[in-house]
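S.K.: run22.cif is reproduced in full below (mmCIF, C-alpha atoms and all ligand atoms).
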```
data_final
loop_
_atom_site.label_atom_id
_atom_site.label_comp_id
_atom_site.auth_asym_id
_atom_site.auth_seq_id
_atom_site.Cartn_x
_atom_site.Cartn_y
_atom_site.Cartn_z
CA MET A 8 -23.02 -45.60 -49.33
CA ASP A 9 -24.56 -43.52 -52.06
CA MET A 10 -26.65 -40.92 -50.27
CA ARG A 11 -27.80 -39.01 -53.31
CA TRP A 12 -31.54 -38.72 -53.30
CA THR A 13 -33.60 -40.19 -56.05
CA ARG A 14 -36.43 -38.08 -57.35
CA ARG A 15 -38.91 -40.35 -55.61
CA GLN A 16 -37.15 -39.97 -52.27
CA PHE A 17 -37.13 -36.22 -52.72
CA LEU A 18 -40.83 -36.08 -53.41
CA VAL A 19 -41.61 -38.28 -50.45
CA GLY A 20 -39.23 -36.18 -48.37
CA VAL A 21 -41.16 -33.02 -49.02
CA GLY A 22 -44.50 -34.67 -48.59
CA LEU A 23 -45.81 -34.73 -52.14
CA ALA A 24 -47.99 -37.61 -53.26
CA ALA A 25 -45.96 -40.46 -54.72
CA SER A 26 -48.59 -40.78 -57.44
CA ALA A 27 -47.46 -37.42 -58.81
CA VAL A 28 -43.95 -38.73 -59.50
CA HIS A 29 -44.52 -39.81 -63.07
CA ALA A 30 -45.84 -36.46 -64.21
CA MET A 31 -42.87 -34.51 -62.94
CA ASP A 32 -39.91 -33.23 -64.81
CA PRO A 33 -36.77 -32.28 -62.80
CA PHE A 34 -37.27 -28.63 -63.84
CA ASP A 35 -41.02 -28.52 -63.42
CA PRO A 36 -41.89 -25.38 -61.42
CA SER A 37 -44.77 -27.26 -59.82
CA GLN A 38 -42.23 -29.10 -57.64
CA VAL A 39 -42.82 -26.91 -54.65
CA SER A 40 -42.55 -28.01 -51.08
CA ALA A 41 -45.88 -27.55 -49.34
CA ALA A 42 -44.01 -26.49 -46.20
CA ASP A 43 -42.26 -23.71 -48.09
CA GLU A 44 -45.59 -22.55 -49.49
CA ARG A 45 -46.71 -22.04 -45.91
CA LYS A 46 -43.56 -20.21 -44.88
CA GLY A 47 -43.89 -17.96 -47.86
CA LEU A 48 -40.35 -16.73 -48.51
CA PHE A 49 -38.92 -19.44 -50.79
CA GLU A 50 -39.92 -22.20 -53.14
CA LEU A 51 -37.42 -25.07 -53.06
CA LYS A 52 -37.08 -26.64 -56.48
CA GLN A 53 -34.93 -29.63 -57.32
CA VAL A 54 -32.58 -28.96 -60.25
CA ALA A 55 -30.53 -32.19 -60.08
CA ASP A 56 -29.99 -35.00 -57.58
CA GLY A 57 -29.30 -33.22 -54.31
CA VAL A 58 -29.19 -29.75 -55.90
CA TYR A 59 -32.00 -27.31 -55.18
CA ALA A 60 -32.81 -23.78 -56.20
CA ALA A 61 -34.47 -21.77 -53.43
CA ILE A 62 -36.43 -19.25 -55.44
CA ALA A 63 -37.23 -16.15 -53.40
CA ARG A 64 -40.79 -14.89 -53.55
CA ALA A 65 -41.40 -11.26 -54.48
CA GLN A 66 -41.06 -8.97 -51.47
CA TYR A 67 -40.86 -5.22 -50.92
CA LYS A 68 -37.48 -5.82 -49.27
CA VAL A 69 -36.08 -8.32 -51.71
CA ASN A 70 -34.32 -11.56 -50.92
CA CYS A 71 -31.93 -13.24 -53.29
CA ASN A 72 -32.31 -16.81 -54.46
CA ALA A 73 -30.12 -19.46 -52.87
CA ALA A 74 -28.66 -22.71 -54.12
CA VAL A 75 -28.74 -25.66 -51.73
CA ILE A 76 -26.29 -28.47 -52.51
CA VAL A 77 -26.84 -31.58 -50.39
CA ASN A 78 -23.74 -33.76 -50.16
CA GLU A 79 -23.07 -37.07 -48.42
CA ASP A 80 -21.93 -35.50 -45.16
CA GLY A 81 -23.23 -31.96 -45.23
CA VAL A 82 -24.83 -29.12 -47.12
CA VAL A 83 -23.35 -26.21 -49.09
CA VAL A 84 -25.57 -23.12 -49.37
CA VAL A 85 -25.02 -20.24 -51.79
CA ASP A 86 -26.04 -16.78 -50.55
CA ALA A 87 -27.88 -15.65 -47.42
CA HIS A 88 -30.57 -13.09 -48.36
CA SER A 89 -31.28 -9.67 -46.91
CA LYS A 90 -32.00 -10.62 -43.31
CA PRO A 91 -31.55 -13.41 -40.74
CA SER A 92 -35.28 -14.26 -40.68
CA ALA A 93 -35.13 -15.09 -44.40
CA ALA A 94 -32.06 -17.30 -43.89
CA ARG A 95 -33.85 -19.02 -40.99
CA SER A 96 -36.86 -19.65 -43.21
CA LEU A 97 -34.63 -21.30 -45.81
CA LEU A 98 -32.84 -23.31 -43.11
CA GLN A 99 -36.20 -24.75 -42.05
CA GLY A 100 -36.80 -25.77 -45.65
CA ILE A 101 -33.34 -27.39 -45.80
CA ARG A 102 -34.10 -29.34 -42.63
CA GLU A 103 -37.15 -30.79 -44.35
CA ILE A 104 -35.05 -32.24 -47.17
CA THR A 105 -31.99 -33.42 -45.23
CA PRO A 106 -30.80 -34.03 -41.66
CA MET A 107 -27.25 -33.02 -42.71
CA PRO A 108 -25.59 -29.93 -41.18
CA VAL A 109 -24.74 -26.91 -43.32
CA ARG A 110 -20.94 -26.98 -43.58
CA LYS A 111 -20.24 -24.19 -46.03
CA LEU A 112 -21.95 -20.98 -47.04
CA ILE A 113 -20.76 -19.13 -50.14
CA ASN A 114 -21.35 -15.40 -50.70
CA THR A 115 -21.47 -14.57 -54.44
CA HIS A 116 -20.96 -10.81 -53.85
CA PHE A 117 -21.25 -8.08 -51.25
CA HIS A 118 -24.74 -6.69 -51.94
CA TRP A 119 -27.06 -6.37 -48.94
CA ASP A 120 -29.66 -8.82 -50.20
CA HIS A 121 -27.07 -11.64 -50.59
CA TRP A 122 -25.19 -11.69 -47.29
CA GLN A 123 -27.05 -10.00 -44.40
CA GLY A 124 -28.47 -13.36 -43.26
CA ASN A 125 -24.98 -14.93 -42.90
CA GLN A 126 -25.10 -15.10 -39.09
CA VAL A 127 -27.83 -17.77 -39.13
CA TYR A 128 -25.60 -20.59 -40.39
CA PRO A 129 -22.73 -20.36 -37.86
CA GLU A 130 -25.34 -19.83 -35.13
CA ALA A 131 -26.99 -23.13 -36.11
CA PHE A 132 -23.76 -24.95 -37.06
CA PRO A 133 -20.72 -23.42 -35.28
CA ASN A 134 -18.21 -24.92 -37.74
CA THR A 135 -19.76 -23.40 -40.86
CA GLU A 136 -17.15 -21.90 -43.15
CA ILE A 137 -18.22 -18.84 -45.12
CA VAL A 138 -16.39 -18.60 -48.43
CA THR A 139 -16.04 -15.80 -50.99
CA SER A 140 -13.49 -14.12 -53.26
CA HIS A 141 -10.75 -11.86 -51.82
CA VAL A 142 -12.32 -8.89 -53.57
CA THR A 143 -15.81 -9.55 -52.20
CA LEU A 144 -14.39 -9.93 -48.69
CA ASP A 145 -12.73 -6.55 -49.13
CA ASN A 146 -15.95 -5.02 -50.53
CA LEU A 147 -17.86 -6.26 -47.48
CA THR A 148 -15.81 -4.05 -45.16
CA ARG A 149 -14.71 -1.18 -47.40
CA PRO A 150 -16.53 2.17 -46.96
CA ASN A 151 -18.43 3.31 -50.09
CA ALA A 152 -18.11 -0.04 -51.87
CA GLY A 153 -21.75 0.31 -52.92
CA LEU A 154 -25.08 -1.24 -51.96
CA GLY A 155 -23.80 -3.73 -49.45
CA GLY A 156 -21.25 -4.62 -46.84
CA VAL A 157 -20.92 -3.60 -43.20
CA PRO A 158 -20.81 0.20 -43.80
CA TYR A 159 -24.04 -0.04 -45.83
CA ILE A 160 -25.89 -1.38 -42.77
CA GLU A 161 -25.30 1.96 -41.02
CA LYS A 162 -26.52 3.81 -44.09
CA GLN A 163 -29.73 1.76 -44.22
CA LEU A 164 -30.35 2.37 -40.50
CA LYS A 165 -30.01 6.08 -41.15
CA ASP A 166 -32.24 6.09 -44.28
CA LEU A 167 -35.00 3.65 -43.26
CA PRO A 168 -36.94 6.04 -40.97
CA GLN A 169 -37.36 8.43 -43.93
CA GLU A 170 -38.41 5.56 -46.19
CA ILE A 171 -40.98 4.50 -43.58
CA ALA A 172 -42.27 8.09 -43.22
CA LYS A 173 -42.66 8.30 -47.01
CA LEU A 174 -44.62 5.04 -47.14
CA LYS A 175 -46.89 6.31 -44.31
CA GLU A 176 -47.53 9.52 -46.23
CA GLU A 177 -48.29 7.62 -49.46
CA LEU A 178 -50.63 5.36 -47.51
CA ARG A 179 -52.42 8.40 -46.02
CA GLN A 180 -53.02 9.76 -49.50
CA ALA A 181 -53.97 6.48 -51.19
CA SER A 182 -57.63 5.93 -52.05
CA ASN A 183 -57.53 2.87 -54.30
CA PRO A 184 -58.00 -0.25 -52.08
CA GLU A 185 -55.40 -2.23 -54.03
CA THR A 186 -52.75 0.49 -53.65
CA LYS A 187 -53.63 0.82 -49.97
CA ALA A 188 -53.23 -2.91 -49.35
CA ARG A 189 -49.87 -2.94 -51.15
CA LEU A 190 -48.61 0.09 -49.22
CA GLU A 191 -49.76 -1.40 -45.91
CA SER A 192 -47.82 -4.57 -46.65
CA ASP A 193 -44.75 -2.58 -47.79
CA LEU A 194 -44.90 -0.49 -44.61
CA GLN A 195 -45.15 -3.59 -42.41
CA GLN A 196 -42.17 -5.14 -44.17
CA ALA A 197 -40.10 -1.95 -43.91
CA GLU A 198 -40.82 -1.60 -40.16
CA ALA A 199 -40.01 -5.27 -39.47
CA TYR A 200 -36.84 -4.97 -41.56
CA LEU A 201 -35.67 -1.92 -39.58
CA LEU A 202 -36.15 -3.79 -36.28
CA GLU A 203 -34.24 -6.77 -37.64
CA LEU A 204 -31.43 -4.63 -39.03
CA LYS A 205 -30.91 -3.02 -35.61
CA GLU A 206 -30.25 -6.50 -34.17
CA LEU A 207 -28.11 -7.75 -37.07
CA LYS A 208 -24.75 -9.31 -36.23
CA PRO A 209 -22.70 -8.71 -39.38
CA THR A 210 -20.96 -12.01 -40.08
CA LEU A 211 -18.10 -11.96 -42.56
CA PRO A 212 -16.65 -14.78 -44.68
CA THR A 213 -14.05 -16.88 -42.90
CA VAL A 214 -12.18 -18.03 -46.02
CA SER A 215 -11.47 -16.29 -49.33
CA PHE A 216 -9.76 -17.11 -52.63
CA ALA A 217 -8.22 -15.19 -55.55
CA ASN A 218 -9.44 -16.75 -58.80
CA ALA A 219 -10.64 -20.29 -58.26
CA VAL A 220 -11.03 -22.98 -55.64
CA THR A 221 -12.58 -26.42 -55.94
CA LEU A 222 -14.48 -28.04 -53.09
CA TYR A 223 -14.61 -31.83 -53.12
CA GLU A 224 -17.58 -32.63 -50.96
CA LYS A 225 -17.49 -36.43 -50.70
CA GLY A 226 -17.74 -37.16 -54.38
CA ARG A 227 -19.31 -33.89 -55.52
CA GLU A 228 -17.10 -31.34 -57.26
CA ILE A 229 -18.02 -27.71 -56.64
CA GLN A 230 -15.90 -25.09 -58.40
CA LEU A 231 -15.87 -21.50 -57.11
CA LEU A 232 -14.73 -19.15 -59.86
CA PHE A 233 -13.89 -15.47 -60.14
CA LEU A 234 -13.90 -14.82 -63.89
CA GLY A 235 -13.46 -11.04 -64.03
CA ARG A 236 -15.34 -7.93 -63.00
CA ALA A 237 -19.03 -7.84 -63.88
CA HIS A 238 -21.99 -7.02 -61.60
CA THR A 239 -19.41 -6.07 -58.95
CA SER A 240 -15.63 -6.23 -58.74
CA GLY A 241 -15.59 -9.62 -56.99
CA ASP A 242 -18.42 -11.85 -58.30
CA VAL A 243 -18.21 -15.58 -57.58
CA PHE A 244 -19.74 -18.20 -59.89
CA ILE A 245 -20.42 -21.68 -58.50
CA TYR A 246 -20.05 -24.40 -61.09
CA LEU A 247 -21.04 -28.06 -60.75
CA PRO A 248 -19.35 -29.71 -63.77
CA LYS A 249 -20.91 -33.14 -63.36
CA GLU A 250 -24.45 -31.85 -62.87
CA LYS A 251 -23.86 -29.11 -65.50
CA ILE A 252 -25.32 -26.43 -63.26
CA LEU A 253 -24.06 -22.88 -62.78
CA VAL A 254 -25.03 -20.59 -59.89
CA THR A 255 -24.65 -17.03 -61.15
CA GLY A 256 -25.37 -14.60 -58.31
CA ASP A 257 -26.51 -11.31 -59.85
CA CYS A 258 -24.16 -11.57 -62.84
CA ILE A 259 -27.14 -13.12 -64.60
CA ILE A 260 -30.67 -12.56 -63.35
CA ASP A 261 -34.16 -12.67 -64.81
CA TRP A 262 -34.85 -8.97 -64.15
CA LEU A 263 -33.23 -5.91 -65.54
CA PRO A 264 -29.76 -5.92 -63.95
CA PHE A 265 -28.48 -3.43 -61.38
CA LEU A 266 -25.44 -1.70 -62.88
CA ASN A 267 -24.44 0.91 -60.31
CA ASP A 268 -21.67 -1.15 -58.70
CA GLY A 269 -20.85 -2.89 -62.00
CA TYR A 270 -18.48 -2.70 -64.95
CA PRO A 271 -20.69 -2.88 -68.05
CA GLU A 272 -18.09 -3.59 -70.74
CA GLU A 273 -16.05 -5.99 -68.58
CA TRP A 274 -19.32 -7.69 -67.60
CA VAL A 275 -19.82 -8.68 -71.26
CA GLN A 276 -16.27 -10.10 -71.38
CA THR A 277 -16.83 -12.03 -68.15
CA LEU A 278 -20.02 -13.54 -69.57
CA ASN A 279 -18.04 -14.60 -72.66
CA GLU A 280 -15.79 -16.56 -70.27
CA VAL A 281 -18.80 -18.00 -68.44
CA GLU A 282 -20.28 -19.19 -71.73
CA LYS A 283 -17.23 -21.45 -72.29
CA LEU A 284 -18.23 -23.59 -69.30
CA ASP A 285 -20.24 -26.71 -70.06
CA PHE A 286 -23.59 -26.35 -68.29
CA THR A 287 -27.27 -26.66 -69.12
CA HIS A 288 -29.06 -24.79 -66.32
CA MET A 289 -28.45 -21.72 -64.19
CA ILE A 290 -29.64 -20.86 -60.70
CA LEU A 291 -29.86 -17.08 -60.96
CA GLY A 292 -29.51 -14.40 -58.28
CA HIS A 293 -33.14 -13.42 -58.88
CA GLY A 294 -35.88 -15.09 -60.92
CA GLU A 295 -36.57 -18.64 -62.01
CA VAL A 296 -34.05 -21.34 -62.94
CA ALA A 297 -33.02 -20.68 -66.55
CA PRO A 298 -31.50 -22.65 -69.41
CA LYS A 299 -28.01 -21.74 -70.66
CA ASP A 300 -29.56 -19.78 -73.56
CA HIS A 301 -30.65 -17.09 -71.12
CA LEU A 302 -26.98 -16.05 -70.87
CA LYS A 303 -27.06 -14.92 -74.52
CA PHE A 304 -30.26 -12.93 -74.00
CA PHE A 305 -28.92 -11.23 -70.85
CA ARG A 306 -25.53 -10.44 -72.42
CA GLY A 307 -27.37 -9.19 -75.52
CA TYR A 308 -29.16 -6.65 -73.34
CA LEU A 309 -25.86 -5.34 -71.95
CA ILE A 310 -24.30 -5.15 -75.44
CA ASP A 311 -27.34 -3.39 -76.95
CA LEU A 312 -27.61 -0.99 -74.01
CA ILE A 313 -23.94 0.01 -74.22
CA ALA A 314 -24.15 0.45 -78.02
CA ALA A 315 -27.35 2.53 -77.79
CA VAL A 316 -25.93 4.83 -75.10
CA LYS A 317 -22.69 5.30 -77.08
CA LYS A 318 -24.66 6.13 -80.23
CA ALA A 319 -26.95 8.62 -78.43
CA ALA A 320 -23.94 10.26 -76.75
CA GLY A 321 -22.20 10.48 -80.14
CA GLU A 322 -25.24 12.32 -81.49
CA GLY A 323 -25.01 14.84 -78.67
CA ALA A 324 -28.08 13.70 -76.68
CA THR A 325 -28.49 14.99 -73.14
CA LEU A 326 -28.82 12.40 -70.37
CA ASP A 327 -32.59 13.04 -70.19
CA GLU A 328 -33.00 12.59 -73.95
CA MET A 329 -30.88 9.48 -73.78
CA LYS A 330 -33.06 8.01 -71.04
CA LYS A 331 -36.12 8.35 -73.25
CA TRP A 332 -34.57 7.40 -76.59
CA VAL A 333 -32.61 4.38 -75.43
CA ALA A 334 -35.50 3.07 -73.28
CA ASP A 335 -37.85 3.26 -76.28
CA GLN A 336 -35.27 1.84 -78.67
CA LEU A 337 -34.62 -1.28 -76.56
CA ALA A 338 -38.24 -1.78 -75.46
CA PRO A 339 -39.46 -4.02 -78.34
CA GLN A 340 -36.83 -6.62 -77.49
CA TYR A 341 -36.46 -6.28 -73.72
CA GLU A 342 -39.46 -4.64 -72.05
CA GLN A 343 -41.72 -7.67 -71.86
CA PRO A 344 -39.13 -10.35 -70.93
CA MET A 345 -37.62 -8.02 -68.32
CA SER A 346 -40.94 -7.15 -66.68
CA LYS A 347 -42.12 -10.67 -65.79
CA TYR A 348 -42.12 -10.35 -62.02
CA PRO A 349 -44.32 -8.17 -59.78
CA GLN A 350 -41.52 -5.70 -59.06
CA ARG A 351 -38.51 -4.17 -60.77
CA HIS A 352 -40.01 -3.73 -64.20
CA TYR A 353 -38.11 -2.56 -67.27
CA ARG A 354 -39.53 0.98 -67.17
CA ASP A 355 -38.78 1.35 -63.43
CA ARG A 356 -35.08 0.62 -63.85
CA ILE A 357 -33.99 1.29 -67.42
CA GLY A 358 -33.31 5.00 -66.70
CA GLY A 359 -30.88 4.01 -63.96
CA ASN A 360 -29.17 1.54 -66.29
CA ILE A 361 -28.77 4.19 -69.01
CA GLU A 362 -27.35 6.68 -66.52
CA ALA A 363 -24.92 4.07 -65.12
CA VAL A 364 -23.63 3.19 -68.61
CA TYR A 365 -23.35 6.89 -69.47
CA GLN A 366 -21.23 7.52 -66.36
CA LYS A 367 -19.14 4.37 -66.52
CA VAL A 368 -18.59 3.95 -70.26
CA ILE A 369 -18.84 7.45 -71.73
CA GLN A 370 -17.68 9.66 -68.84
CA LYS A 371 -15.49 6.90 -67.35
CA ALA A 372 -16.49 8.10 -63.89
ZN ZN A 401 -26.30 -7.72 -56.53
#
```
Please express what this file holds, its structure, as structure tokens.

M.R.:
Amino acid sequence: MDMRWTRRQFLVGVGLAASAVHAMDPFDPSQVSAADERKGLFELKQVADGVYAAIARAQYKVNCNAAVIVNEDGVVVVDAHSKPSAARSLLQGIREITPMPVRKLINTHFHWDHWQGNQVYPEAFPNTEIVTSHVTLDNLTRPNAGLGGVPYIEKQLKDLPQEIAKLKEELRQASNPETKARLESDLQQAEAYLLELKELKPTLPTVSFANAVTLYEKGREIQLLFLGRAHTSGDVFIYLPKEKILVTGDCIIDWLPFLNDGYPEEWVQTLNEVEKLDFTHMILGHGEVAPKDHLKFFRGYLIDLIAAVKKAAGEGATLDEMKKWVADQLAPQYEQPMSKYPQRHYRDRIGGNIEAVYQKVIQKA
């Protein structure tokens, strides 16, 4: 029996008025589950029959997006956010669209905000397989791999009390009501996150692969691909060839990227490989669902950033001069499109990007 949901079934399933069906496009951002609105952490948006993007709402402690792929006999989820409570919130949303169990969870990379909720799925469904690349599995346990993995949990537990103390001090000094409200919310989130992190049961992938593996989930083909180093040394892309959808992890996002655990020049090469795949839409690690064209824009930023840093270094600029010059030079093209969301604006992060490229490309640190 064909269990793929029609658009009408989906809309009924999430409780939207059937009369709204005609006005909706499959990529219309207004397709939001009312239940998810109430829960607050994700908006579930249908991208194709049975394929949903769970778009994380802006939070002080960020959560990644997830992809939810509903198959005839079970669900495949991509990525598990920064904490179990976020994964549980998404699981509730999944239960509203399908009675199927989650059978597989895929981790795109080892960063904290993409895997720390892993434990929720095997707790709910004991046979859940957690899948990633060999390299990401290694990164999850290796000391000093970067901003994620088991050793990074200890580091966060050590650092969070200072972060909380700093927020309290900022709150004490704040006079503007808007700033105060924001800091109060940030402080609440940081304190709740610390409590949750203390109880975390780090749950590692159960299966890993070298370069590629294809899952055949009762008629749906799901390719898991490692295409070269990029945002990290072990990034996994999830490609649905029939639906022409690509799930990118943080290799492509709708913010300024985080480069500190990345390989800027190889990242460009990896995106050249990604571009060869036949797809129309991408579910990104952060930000809204994007058309394939966004790949060119995002890669263009990396290429322009690397070129600008090389040029400034060639002219003998200091790192501080470089941070100002390159940020100003790239601003006309990138500042506005990379400052769309409430947090992580261009000017907040570009200095870190310039420094990372300087260290990795010029100094080859
Ligand atoms: Zn990441």

S.K.: I'd like the contact shell of region 291-299 of chain A - 9 Å cut-off, only C-alpha atoms, skipping same-chain residues fewer than 6 positions apart - returned as a ChimeraX atom specification.

M.R.: /A:34,36,52,54,60,62-64,70-74,86,115,121,253-262,282,348

S.K.: Which residues sit within 7 Å of ligand ZN 401 (chain A), counting only C-alpha atoms and all ligand atoms, listed as an MDAnalysis selection string?

M.R.: chainID A and resid 116 118 238 257 265

S.K.: What would the file look like if the residues just selected were written as a PDB file, keeping the file's coordinate frame with C-alpha atoms?

M.R.:
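Generated output (part_19.pdb):
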```pdb
ATOM      1  CA  HIS A 116     -20.960 -10.810 -53.850  1.00  0.00           C
ATOM      2  CA  HIS A 118     -24.740  -6.690 -51.940  1.00  0.00           C
ATOM      3  CA  HIS A 238     -21.990  -7.020 -61.600  1.00  0.00           C
ATOM      4  CA  ASP A 257     -26.510 -11.310 -59.850  1.00  0.00           C
ATOM      5  CA  PHE A 265     -28.480  -3.430 -61.380  1.00  0.00           C
TER       6      PHE A 265
END
```

S.K.: Would you mind telling me which residue in A:Asn151, A:Asn78, A:Ser92, A:Gln340 lies nearest to Arg110 (chain A) when using only C-alpha atoms?

M.R.: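 When distances to Arg110 (chain A) are compared using only C-alpha atoms, the smallest one comes from A:Asn78.
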
S.K.: Between A:Ile229, A:Leu97, A:Ala197, A:Ile361, which is the closest to Lys173 (chain A) once you count all atoms listed in the file?

M.R.: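 Looking only at the distances to Lys173 (chain A), the closest residue turns out to be A:Ala197.
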
S.K.: Show me, as a PyMOL selection string, the residues that have an atom within 9 Å of Tyr270 (chain A) when counting all atoms listed in the file, minus same-chain residues fewer than 2 positions from it.

M.R.: chain A and resi 236-240+266-268+272-275+364+367-368

S.K.: Tell me which of A:Gly241, A:Pro129, A:Val77, A:Lys162 sits closest to Asn114 (chain A), counting all atoms listed in the file.

M.R.: A:Gly241

S.K.: Ranking A:Gln196, A:Ser140, A:Thr186, A:Thr221 by minimum distance to Leu167 (chain A) and counting only C-alpha atoms, which one comes first?

M.R.: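 Distance minimum relative to Leu167 (chain A) lands on A:Gln196.
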
S.K.: Which one is closest to Glu206 (chain A): A:Asn279, A:Gln123, A:Asn134, A:Thr143? Count all atoms listed in the file.

M.R.: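 Nearest to Glu206 (chain A): A:Gln123.
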
S.K.: Hey, could you pull the box centre and edge lengths for region 361-364 of chain A, axis-aligned, 5 Å padding per side, all listed atoms, to one decimal in Å, as lines of an AutoDock Vina configuration file?

M.R.:
```
center_x = -26.2
center_y = 4.9
center_z = -67.1
size_x = 15.1
size_y = 13.5
size_z = 13.9
```

S.K.: Just give me the gap between CA of Asn218 (chain A) and CA of Leu234 (chain A) in Å, one decimal is fine.

M.R.: 7.0 Å

S.K.: For Ile171 (chain A), which residue among A:Thr148, A:Asp355, A:Tyr159, A:Glu198 is the nearest when counting only C-alpha atoms?

M.R.: A:Glu198

S.K.: As a PyMOL selection string, please: the residues near Ile76 (chain A) (cut-off 7 Å, all atoms listed in the file, same-chain neighbours under 2 positions excluded).

M.R.: chain A and resi 57-59+74+78+82-84

S.K.: For a cutoff of 12 Å around the file-coordinate point (-39.3, -15.6, -47.4), which residues qualify once you count all atoms listed in the file? I'd like the result as a short mmCIF file (atom, residue, chain, number, x, y, z; two decimals) with C-alpha atoms, in the coordinates of the input.

M.R.:
```
data_model
loop_
_atom_site.label_atom_id
_atom_site.label_comp_id
_atom_site.auth_asym_id
_atom_site.auth_seq_id
_atom_site.Cartn_x
_atom_site.Cartn_y
_atom_site.Cartn_z
CA ALA A 42 -44.01 -26.49 -46.20
CA ASP A 43 -42.26 -23.71 -48.09
CA GLU A 44 -45.59 -22.55 -49.49
CA ARG A 45 -46.71 -22.04 -45.91
CA LYS A 46 -43.56 -20.21 -44.88
CA GLY A 47 -43.89 -17.96 -47.86
CA LEU A 48 -40.35 -16.73 -48.51
CA PHE A 49 -38.92 -19.44 -50.79
CA GLU A 50 -39.92 -22.20 -53.14
CA LEU A 51 -37.42 -25.07 -53.06
CA ALA A 61 -34.47 -21.77 -53.43
CA ILE A 62 -36.43 -19.25 -55.44
CA ALA A 63 -37.23 -16.15 -53.40
CA ARG A 64 -40.79 -14.89 -53.55
CA ALA A 65 -41.40 -11.26 -54.48
CA GLN A 66 -41.06 -8.97 -51.47
CA TYR A 67 -40.86 -5.22 -50.92
CA LYS A 68 -37.48 -5.82 -49.27
CA VAL A 69 -36.08 -8.32 -51.71
CA ASN A 70 -34.32 -11.56 -50.92
CA CYS A 71 -31.93 -13.24 -53.29
CA ASN A 72 -32.31 -16.81 -54.46
CA ALA A 73 -30.12 -19.46 -52.87
CA ALA A 87 -27.88 -15.65 -47.42
CA HIS A 88 -30.57 -13.09 -48.36
CA SER A 89 -31.28 -9.67 -46.91
CA LYS A 90 -32.00 -10.62 -43.31
CA PRO A 91 -31.55 -13.41 -40.74
CA SER A 92 -35.28 -14.26 -40.68
CA ALA A 93 -35.13 -15.09 -44.40
CA ALA A 94 -32.06 -17.30 -43.89
CA ARG A 95 -33.85 -19.02 -40.99
CA SER A 96 -36.86 -19.65 -43.21
CA LEU A 97 -34.63 -21.30 -45.81
CA LEU A 98 -32.84 -23.31 -43.11
CA GLN A 99 -36.20 -24.75 -42.05
CA GLY A 100 -36.80 -25.77 -45.65
CA GLY A 124 -28.47 -13.36 -43.26
CA GLN A 196 -42.17 -5.14 -44.17
#
```

S.K.: One decimal, in Å: what's the spacing between CA of Pro108 (chain A) and CA of Phe132 (chain A)?

M.R.: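 We find that CA of Pro108 (chain A) and CA of Phe132 (chain A) lie 6.7 Å from each other.
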
S.K.: Name the residues in contact with Ala217 (chain A) at a cut-off of 12 Å, using only C-alpha atoms, excluding same-chain residues fewer than 5 positions from it; report them as a count of residues only.

M.R.: 16

S.K.: I'd like the interatomic distance between CA of Thr135 (chain A) and CA of Asp80 (chain A), to a tenth of an Å.

M.R.: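 Straight-line distance from CA of Thr135 (chain A) to CA of Asp80 (chain A) works out to 13.0 Å.
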
S.K.: Could you give me, as a PyMOL selection string, the residues that have an atom at most 6 Å away from the point (-26.7, 11.0, -71.3) in the coordinates of the file, using only C-alpha atoms?

M.R.: chain A and resi 325-326+329+365

S.K.: Give me the residues near Pro248 (chain A) as a list of chain:residue names, where near means some atom within 10 Å (using only C-alpha atoms) and where sequence neighbours in that chain fewer than 4 positions away do not count.

M.R.: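 Answer for this query is A:Arg227, A:Glu228, A:Ile229, A:Gln230, A:Ile252, A:Leu253, A:Leu284, A:Asp285, A:Phe286.
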